[in-house]
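Below: entry-v9.cif (mmCIF, C-alpha atoms and all ligand atoms)
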data_start
loop_
_atom_site.group_PDB
_atom_site.id
_atom_site.type_symbol
_atom_site.label_atom_id
_atom_site.label_comp_id
_atom_site.auth_asym_id
_atom_site.auth_seq_id
_atom_site.Cartn_x
_atom_site.Cartn_y
_atom_site.Cartn_z
ATOM 1 C CA MET A 175 0.000 0.000 0.000
ATOM 2 C CA LYS A 176 2.797 2.368 0.885
ATOM 3 C CA ASP A 177 4.572 1.478 -2.336
ATOM 4 C CA PHE A 178 1.415 2.162 -4.232
ATOM 5 C CA LEU A 179 1.078 5.579 -2.627
ATOM 6 C CA ASN A 180 4.702 6.376 -3.309
ATOM 7 C CA ARG A 181 4.319 5.446 -6.947
ATOM 8 C CA PHE A 182 1.079 7.368 -7.166
ATOM 9 C CA PHE A 183 2.653 10.528 -5.810
ATOM 10 C CA GLN A 184 5.817 10.238 -7.840
ATOM 11 C CA GLY A 185 6.264 13.264 -10.050
ATOM 12 C CA ARG A 186 3.340 15.024 -8.453
ATOM 13 C CA TYR A 187 3.433 18.206 -6.463
ATOM 14 C CA GLY A 188 2.202 16.502 -3.273
ATOM 15 C CA ALA A 189 5.273 14.221 -3.270
ATOM 16 C CA TYR A 190 7.223 17.096 -1.745
ATOM 17 C CA GLY A 191 4.822 17.560 1.128
ATOM 18 C CA THR A 192 2.189 20.232 1.517
ATOM 19 C CA ASP A 193 3.120 23.840 0.966
ATOM 20 C CA LYS A 194 1.971 26.875 2.909
ATOM 21 C CA MET A 195 -0.813 27.609 0.458
ATOM 22 C CA THR A 196 -2.247 24.091 0.764
ATOM 23 C CA ARG A 197 -2.038 24.128 4.547
ATOM 24 C CA PHE A 198 -3.768 27.496 4.690
ATOM 25 C CA PHE A 199 -6.528 26.425 2.307
ATOM 26 C CA LEU A 200 -7.071 23.183 4.222
ATOM 27 C CA LEU A 201 -7.406 25.169 7.423
ATOM 28 C CA VAL A 202 -9.906 27.550 5.821
ATOM 29 C CA ALA A 203 -11.815 24.593 4.368
ATOM 30 C CA ALA A 204 -12.030 22.994 7.819
ATOM 31 C CA LEU A 205 -13.277 26.288 9.280
ATOM 32 C CA LEU A 206 -15.879 26.692 6.534
ATOM 33 C CA LEU A 207 -17.008 23.131 7.062
ATOM 34 C CA ALA A 208 -17.420 23.722 10.792
ATOM 35 C CA LEU A 209 -19.282 26.985 10.129
ATOM 36 C CA SER A 210 -21.585 25.326 7.627
ATOM 37 C CA PHE A 211 -22.729 22.969 10.361
ATOM 38 C CA LEU A 212 -22.851 25.497 13.185
ATOM 39 C CA THR A 213 -24.494 28.381 11.350
ATOM 40 C CA PRO A 214 -27.453 28.656 8.990
ATOM 41 C CA PHE A 215 -25.013 29.245 6.106
ATOM 42 C CA ALA A 216 -25.106 25.725 4.715
ATOM 43 C CA ILE A 217 -23.754 27.063 1.434
ATOM 44 C CA LEU A 218 -20.342 27.360 3.112
ATOM 45 C CA TYR A 219 -20.200 23.594 2.829
ATOM 46 C CA TYR A 220 -19.834 23.933 -0.926
ATOM 47 C CA PHE A 221 -17.096 26.514 -0.594
ATOM 48 C CA ALA A 222 -15.254 24.177 1.774
ATOM 49 C CA PHE A 223 -15.676 21.358 -0.685
ATOM 50 C CA ALA A 224 -14.417 23.494 -3.560
ATOM 51 C CA LEU A 225 -11.363 24.499 -1.532
ATOM 52 C CA LEU A 226 -10.637 20.871 -0.634
ATOM 53 C CA PHE A 227 -11.000 19.903 -4.250
ATOM 54 C CA TYR A 228 -8.584 22.649 -5.266
ATOM 55 C CA CYS A 229 -6.058 21.455 -2.629
ATOM 56 C CA TYR A 230 -6.221 17.917 -3.970
ATOM 57 C CA PHE A 231 -5.953 19.161 -7.501
ATOM 58 C CA ARG A 232 -2.732 20.957 -6.556
ATOM 59 C CA LEU A 233 -1.304 18.003 -4.611
ATOM 60 C CA PHE A 234 -1.957 15.581 -7.470
ATOM 61 C CA SER A 235 -0.817 17.990 -10.141
ATOM 62 C CA ARG A 236 2.140 17.045 -12.310
ATOM 63 C CA ASN A 237 2.819 20.636 -13.270
ATOM 64 C CA ILE A 238 5.165 21.215 -10.352
ATOM 65 C CA PRO A 239 6.680 24.542 -11.502
ATOM 66 C CA ALA A 240 3.219 26.055 -11.878
ATOM 67 C CA ARG A 241 2.153 24.885 -8.411
ATOM 68 C CA TYR A 242 5.440 26.134 -7.001
ATOM 69 C CA ARG A 243 4.846 29.561 -8.538
ATOM 70 C CA GLU A 244 1.313 29.654 -7.135
ATOM 71 C CA ASN A 245 2.644 29.012 -3.669
ATOM 72 C CA GLU A 246 5.320 31.695 -4.070
ATOM 73 C CA PHE A 247 2.646 34.133 -5.193
ATOM 74 C CA PHE A 248 0.424 33.162 -2.284
ATOM 75 C CA CYS A 249 3.268 33.589 0.233
ATOM 76 C CA LYS A 250 4.175 36.968 -1.179
ATOM 77 C CA LYS A 251 0.582 38.176 -0.973
ATOM 78 C CA THR A 252 -0.115 36.832 2.497
ATOM 79 C CA ASP A 253 3.190 37.327 4.306
ATOM 80 C CA LYS A 254 2.248 40.881 5.184
ATOM 81 C CA VAL A 255 -1.042 39.744 6.726
ATOM 82 C CA PHE A 256 0.590 36.905 8.659
ATOM 83 C CA ASN A 257 3.352 39.195 9.874
ATOM 84 C CA PHE A 258 0.797 41.765 10.955
ATOM 85 C CA PHE A 259 -0.894 39.207 13.210
ATOM 86 C CA LYS A 260 2.450 37.942 14.447
ATOM 87 C CA GLY A 261 3.464 41.513 15.278
ATOM 88 C CA PHE A 262 0.129 42.047 16.986
ATOM 89 C CA GLY A 263 0.697 39.073 19.307
ATOM 90 C CA TYR A 264 4.238 40.243 19.946
ATOM 91 C CA ASN A 265 3.032 43.697 20.972
ATOM 92 C CA ILE A 266 0.538 42.230 23.428
ATOM 93 C CA ALA A 267 3.258 40.042 24.985
ATOM 94 C CA GLN A 268 5.540 43.055 25.249
ATOM 95 C CA HIS A 269 2.852 45.176 26.846
ATOM 96 C CA LYS A 270 3.008 43.165 30.074
ATOM 97 C CA ASP A 271 6.653 43.929 30.788
ATOM 98 C CA TYR A 272 7.330 47.086 28.841
ATOM 99 C CA HIS A 273 5.986 50.518 28.203
ATOM 100 C CA ILE A 274 6.262 51.740 24.677
ATOM 101 C CA TYR A 275 6.937 55.470 24.537
ATOM 102 C CA LYS A 276 7.213 57.703 21.549
ATOM 103 C CA CYS A 277 9.971 60.269 21.359
ATOM 104 C CA PRO A 278 8.277 63.711 21.481
ATOM 105 C CA ASP A 279 10.669 65.011 18.828
ATOM 106 C CA CYS A 280 10.940 62.325 16.174
ATOM 107 C CA ASN A 281 8.206 59.820 17.114
ATOM 108 C CA GLN A 282 10.727 56.991 17.394
ATOM 109 C CA LYS A 283 9.190 54.183 19.453
ATOM 110 C CA ILE A 284 11.188 53.376 22.587
ATOM 111 C CA ARG A 285 10.680 50.316 24.748
ATOM 112 C CA ILE A 286 11.112 50.838 28.494
ATOM 113 C CA PRO A 287 10.838 48.071 31.137
ATOM 114 C CA ARG A 288 7.957 48.627 33.553
ATOM 115 C CA GLY A 289 8.260 49.307 37.270
ATOM 116 C CA LYS A 290 11.436 51.374 37.390
ATOM 117 C CA GLY A 291 9.804 54.578 38.653
ATOM 118 C CA LYS A 292 10.607 57.928 37.085
ATOM 119 C CA ILE A 293 13.417 57.654 34.602
ATOM 120 C CA ALA A 294 15.140 59.768 32.022
ATOM 121 C CA ILE A 295 14.819 58.287 28.567
ATOM 122 C CA LYS A 296 17.216 59.158 25.826
ATOM 123 C CA CYS A 297 15.951 58.732 22.303
ATOM 124 C CA PRO A 298 18.322 56.464 20.421
ATOM 125 C CA LYS A 299 17.507 58.157 17.147
ATOM 126 C CA CYS A 300 17.712 61.889 17.758
ATOM 127 C CA GLY A 301 19.274 62.025 21.240
ATOM 128 C CA LYS A 302 16.376 63.941 22.834
ATOM 129 C CA GLU A 303 16.023 63.302 26.570
ATOM 130 C CA PHE A 304 12.680 63.190 28.336
ATOM 131 C CA ILE A 305 11.361 62.034 31.716
ATOM 132 C CA LYS A 306 8.723 59.367 31.986
ATOM 133 C CA ARG A 307 7.274 57.181 34.707
ATOM 134 C CA SER A 308 7.904 53.585 33.742
HETATM 135 ZN ZN ZN B 1 13.827 61.160 18.995
#
Could you render the structure as structure tokens?
Ligand SMILES: [Zn+2]
Amino acid sequence: MKDFLNRFFQGRYGAYGTDKMTRFFLLVAALLLALSFLTPFAILYYFAFALLFYCYFRLFSRNIPARYRENEFFCKKTDKVFNFFKGFGYNIAQHKDYHIYKCPDCNQKIRIPRGKGKIAIKCPKCGKEFIKRS
């Protein structure tokens, strides 16, 4: 059976594992599927099915360069969005231990550890000094 699968996947895009685009689409398909059951929007079921079908089409495709380019395109388009959410989580984590101040002169963001009382902050960009409570 494993041999059969190996032979079946040989020369197909899915032989190299799933790419980011496939993983993302599978995740969205799973979400749509769940929503189609939990909400009155049963039509989402068909969208989920279409997405799944598209994922399989890509995995079984023999046109590897085309699939590779699709994934590159997808990554390029979505990296900004993913990074935005990553940065968002990072900022929340930072908020617990740090204050983020803006330099009054040049608006440079400066990260100061919390709980140090009143301190003089020197802007690393323009050298302006200002007092803040941390
Ligand atoms: Zn400054």
Write out as CSV the residues of chain A that have any atom within 7 Å of an atom of ligand ZN 1 (chain B), one row each with the nearest atom pair and its distance in Å to one decimal, counting only C-alpha atoms and all ligand atoms, sorted by chain and then rising number.
residue,atom,partner,partner_atom,distance
A:Cys277,CA,B:ZN1,ZN,4.6
A:Pro278,CA,B:ZN1,ZN,6.6
A:Asp279,CA,B:ZN1,ZN,5.0
A:Cys280,CA,B:ZN1,ZN,4.2
A:Asn281,CA,B:ZN1,ZN,6.1
A:Gln282,CA,B:ZN1,ZN,5.4
A:Cys297,CA,B:ZN1,ZN,4.6
A:Pro298,CA,B:ZN1,ZN,6.7
A:Lys299,CA,B:ZN1,ZN,5.1
A:Cys300,CA,B:ZN1,ZN,4.1
A:Gly301,CA,B:ZN1,ZN,6.0
A:Lys302,CA,B:ZN1,ZN,5.4
Axis-aligned box for range 275-292 of chain A, 6 Å per side, centre and edges in Å as JSON:
{"center_x": 9.2, "center_y": 56.5, "center_z": 27.4, "size_x": 16.5, "size_y": 28.9, "size_z": 34.5}
> Which value, in Å to one decimal, gives the distance between CA of Ala204 in chain A and CA of Phe248 in chain A?
Replying inline: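 The value is 19.0 Å.
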>> Between CA of Cys229 in chain A and CA of Gly185 in chain A, what distance in Å does the model show, to one decimal?
In response: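 So the two atoms, CA of Cys229 in chain A and CA of Gly185 in chain A, lie 16.6 Å apart.
Distance check against Phe227 in chain A using all atoms listed in the file: of A:Lys270, A:Pro239, A:Asp193, A:Leu200, the minimum falls on A:Leu200.
Put simply, the PyMOL selection byres (((chain A and resi 197-199) around 10) and not hetatm) in this file takes in A:Thr192, A:Asp193, A:Lys194, A:Met195, A:Thr196, A:Leu200, A:Leu201, A:Val202, A:Ala203, A:Ala204, A:Leu205, A:Ala222, A:Leu225, A:Leu226, A:Tyr228, A:Cys229, A:Phe248.
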>> Which residues are close to range 182-184 of chain A, i.e. within 10 Å by only C-alpha atoms, leaving aside same-chain residues fewer than 6 positions away? Reply as a list of chain:residue names.
In response: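 Contacts, in chain order: A:Lys176, A:Tyr190, A:Leu233, A:Phe234, A:Ser235, A:Arg236.
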Please return range 196-223 of chain A, rebuilt to N, CA and C atoms, as a PDB file, in the frame of the given file.
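Output (result39.pdb):
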ATOM      1  N   THR A 196      -1.361  25.239   0.536  1.00  0.00           N
ATOM      2  CA  THR A 196      -2.247  24.091   0.764  1.00  0.00           C
ATOM      3  C   THR A 196      -2.676  24.039   2.223  1.00  0.00           C
ATOM      4  N   ARG A 197      -1.714  24.206   3.121  1.00  0.00           N
ATOM      5  CA  ARG A 197      -2.038  24.128   4.547  1.00  0.00           C
ATOM      6  C   ARG A 197      -3.050  25.199   4.931  1.00  0.00           C
ATOM      7  N   PHE A 198      -2.852  26.400   4.381  1.00  0.00           N
ATOM      8  CA  PHE A 198      -3.768  27.496   4.690  1.00  0.00           C
ATOM      9  C   PHE A 198      -5.164  27.196   4.155  1.00  0.00           C
ATOM     10  N   PHE A 199      -5.232  26.716   2.918  1.00  0.00           N
ATOM     11  CA  PHE A 199      -6.528  26.425   2.307  1.00  0.00           C
ATOM     12  C   PHE A 199      -7.237  25.290   3.041  1.00  0.00           C
ATOM     13  N   LEU A 200      -6.464  24.300   3.480  1.00  0.00           N
ATOM     14  CA  LEU A 200      -7.071  23.183   4.222  1.00  0.00           C
ATOM     15  C   LEU A 200      -7.660  23.681   5.536  1.00  0.00           C
ATOM     16  N   LEU A 201      -6.933  24.591   6.164  1.00  0.00           N
ATOM     17  CA  LEU A 201      -7.406  25.169   7.423  1.00  0.00           C
ATOM     18  C   LEU A 201      -8.699  25.944   7.191  1.00  0.00           C
ATOM     19  N   VAL A 202      -8.711  26.764   6.143  1.00  0.00           N
ATOM     20  CA  VAL A 202      -9.906  27.550   5.821  1.00  0.00           C
ATOM     21  C   VAL A 202     -11.065  26.622   5.486  1.00  0.00           C
ATOM     22  N   ALA A 203     -10.773  25.552   4.734  1.00  0.00           N
ATOM     23  CA  ALA A 203     -11.815  24.593   4.368  1.00  0.00           C
ATOM     24  C   ALA A 203     -12.408  23.959   5.624  1.00  0.00           C
ATOM     25  N   ALA A 204     -11.554  23.597   6.576  1.00  0.00           N
ATOM     26  CA  ALA A 204     -12.030  22.994   7.819  1.00  0.00           C
ATOM     27  C   ALA A 204     -12.911  23.987   8.581  1.00  0.00           C
ATOM     28  N   LEU A 205     -12.494  25.250   8.600  1.00  0.00           N
ATOM     29  CA  LEU A 205     -13.277  26.288   9.280  1.00  0.00           C
ATOM     30  C   LEU A 205     -14.639  26.466   8.614  1.00  0.00           C
ATOM     31  N   LEU A 206     -14.628  26.525   7.274  1.00  0.00           N
ATOM     32  CA  LEU A 206     -15.879  26.692   6.534  1.00  0.00           C
ATOM     33  C   LEU A 206     -16.818  25.521   6.790  1.00  0.00           C
ATOM     34  N   LEU A 207     -16.223  24.338   6.818  1.00  0.00           N
ATOM     35  CA  LEU A 207     -17.008  23.131   7.062  1.00  0.00           C
ATOM     36  C   LEU A 207     -17.677  23.207   8.438  1.00  0.00           C
ATOM     37  N   ALA A 208     -16.889  23.594   9.435  1.00  0.00           N
ATOM     38  CA  ALA A 208     -17.420  23.722  10.792  1.00  0.00           C
ATOM     39  C   ALA A 208     -18.531  24.771  10.814  1.00  0.00           C
ATOM     40  N   LEU A 209     -18.293  25.906  10.148  1.00  0.00           N
ATOM     41  CA  LEU A 209     -19.282  26.985  10.129  1.00  0.00           C
ATOM     42  C   LEU A 209     -20.560  26.556   9.419  1.00  0.00           C
ATOM     43  N   SER A 210     -20.403  25.740   8.383  1.00  0.00           N
ATOM     44  CA  SER A 210     -21.585  25.326   7.627  1.00  0.00           C
ATOM     45  C   SER A 210     -22.503  24.463   8.485  1.00  0.00           C
ATOM     46  N   PHE A 211     -21.913  23.783   9.461  1.00  0.00           N
ATOM     47  CA  PHE A 211     -22.729  22.969  10.361  1.00  0.00           C
ATOM     48  C   PHE A 211     -23.279  23.787  11.527  1.00  0.00           C
ATOM     49  N   LEU A 212     -22.493  24.762  11.972  1.00  0.00           N
ATOM     50  CA  LEU A 212     -22.851  25.497  13.185  1.00  0.00           C
ATOM     51  C   LEU A 212     -23.699  26.728  12.917  1.00  0.00           C
ATOM     52  N   THR A 213     -23.729  27.176  11.686  1.00  0.00           N
ATOM     53  CA  THR A 213     -24.494  28.381  11.350  1.00  0.00           C
ATOM     54  C   THR A 213     -25.532  28.030  10.289  1.00  0.00           C
ATOM     55  N   PRO A 214     -26.449  28.951  10.035  1.00  0.00           N
ATOM     56  CA  PRO A 214     -27.453  28.656   8.990  1.00  0.00           C
ATOM     57  C   PRO A 214     -26.874  28.715   7.569  1.00  0.00           C
ATOM     58  N   PHE A 215     -25.592  29.057   7.442  1.00  0.00           N
ATOM     59  CA  PHE A 215     -25.013  29.245   6.106  1.00  0.00           C
ATOM     60  C   PHE A 215     -24.521  27.915   5.534  1.00  0.00           C
ATOM     61  N   ALA A 216     -25.468  27.051   5.211  1.00  0.00           N
ATOM     62  CA  ALA A 216     -25.106  25.725   4.715  1.00  0.00           C
ATOM     63  C   ALA A 216     -24.313  25.801   3.415  1.00  0.00           C
ATOM     64  N   ILE A 217     -24.449  26.919   2.719  1.00  0.00           N
ATOM     65  CA  ILE A 217     -23.754  27.063   1.434  1.00  0.00           C
ATOM     66  C   ILE A 217     -22.234  27.043   1.622  1.00  0.00           C
ATOM     67  N   LEU A 218     -21.777  27.391   2.834  1.00  0.00           N
ATOM     68  CA  LEU A 218     -20.342  27.360   3.112  1.00  0.00           C
ATOM     69  C   LEU A 218     -19.757  25.971   2.882  1.00  0.00           C
ATOM     70  N   TYR A 219     -20.599  24.977   3.049  1.00  0.00           N
ATOM     71  CA  TYR A 219     -20.200  23.594   2.829  1.00  0.00           C
ATOM     72  C   TYR A 219     -19.634  23.418   1.427  1.00  0.00           C
ATOM     73  N   TYR A 220     -20.278  24.080   0.458  1.00  0.00           N
ATOM     74  CA  TYR A 220     -19.834  23.933  -0.926  1.00  0.00           C
ATOM     75  C   TYR A 220     -18.523  24.664  -1.167  1.00  0.00           C
ATOM     76  N   PHE A 221     -18.366  25.796  -0.497  1.00  0.00           N
ATOM     77  CA  PHE A 221     -17.096  26.514  -0.594  1.00  0.00           C
ATOM     78  C   PHE A 221     -15.964  25.660  -0.011  1.00  0.00           C
ATOM     79  N   ALA A 222     -16.251  25.040   1.144  1.00  0.00           N
ATOM     80  CA  ALA A 222     -15.254  24.177   1.774  1.00  0.00           C
ATOM     81  C   ALA A 222     -14.882  23.040   0.837  1.00  0.00           C
ATOM     82  N   PHE A 223     -15.893  22.478   0.221  1.00  0.00           N
ATOM     83  CA  PHE A 223     -15.676  21.358  -0.685  1.00  0.00           C
ATOM     84  C   PHE A 223     -14.854  21.792  -1.894  1.00  0.00           C
TER      85      PHE A 223
END
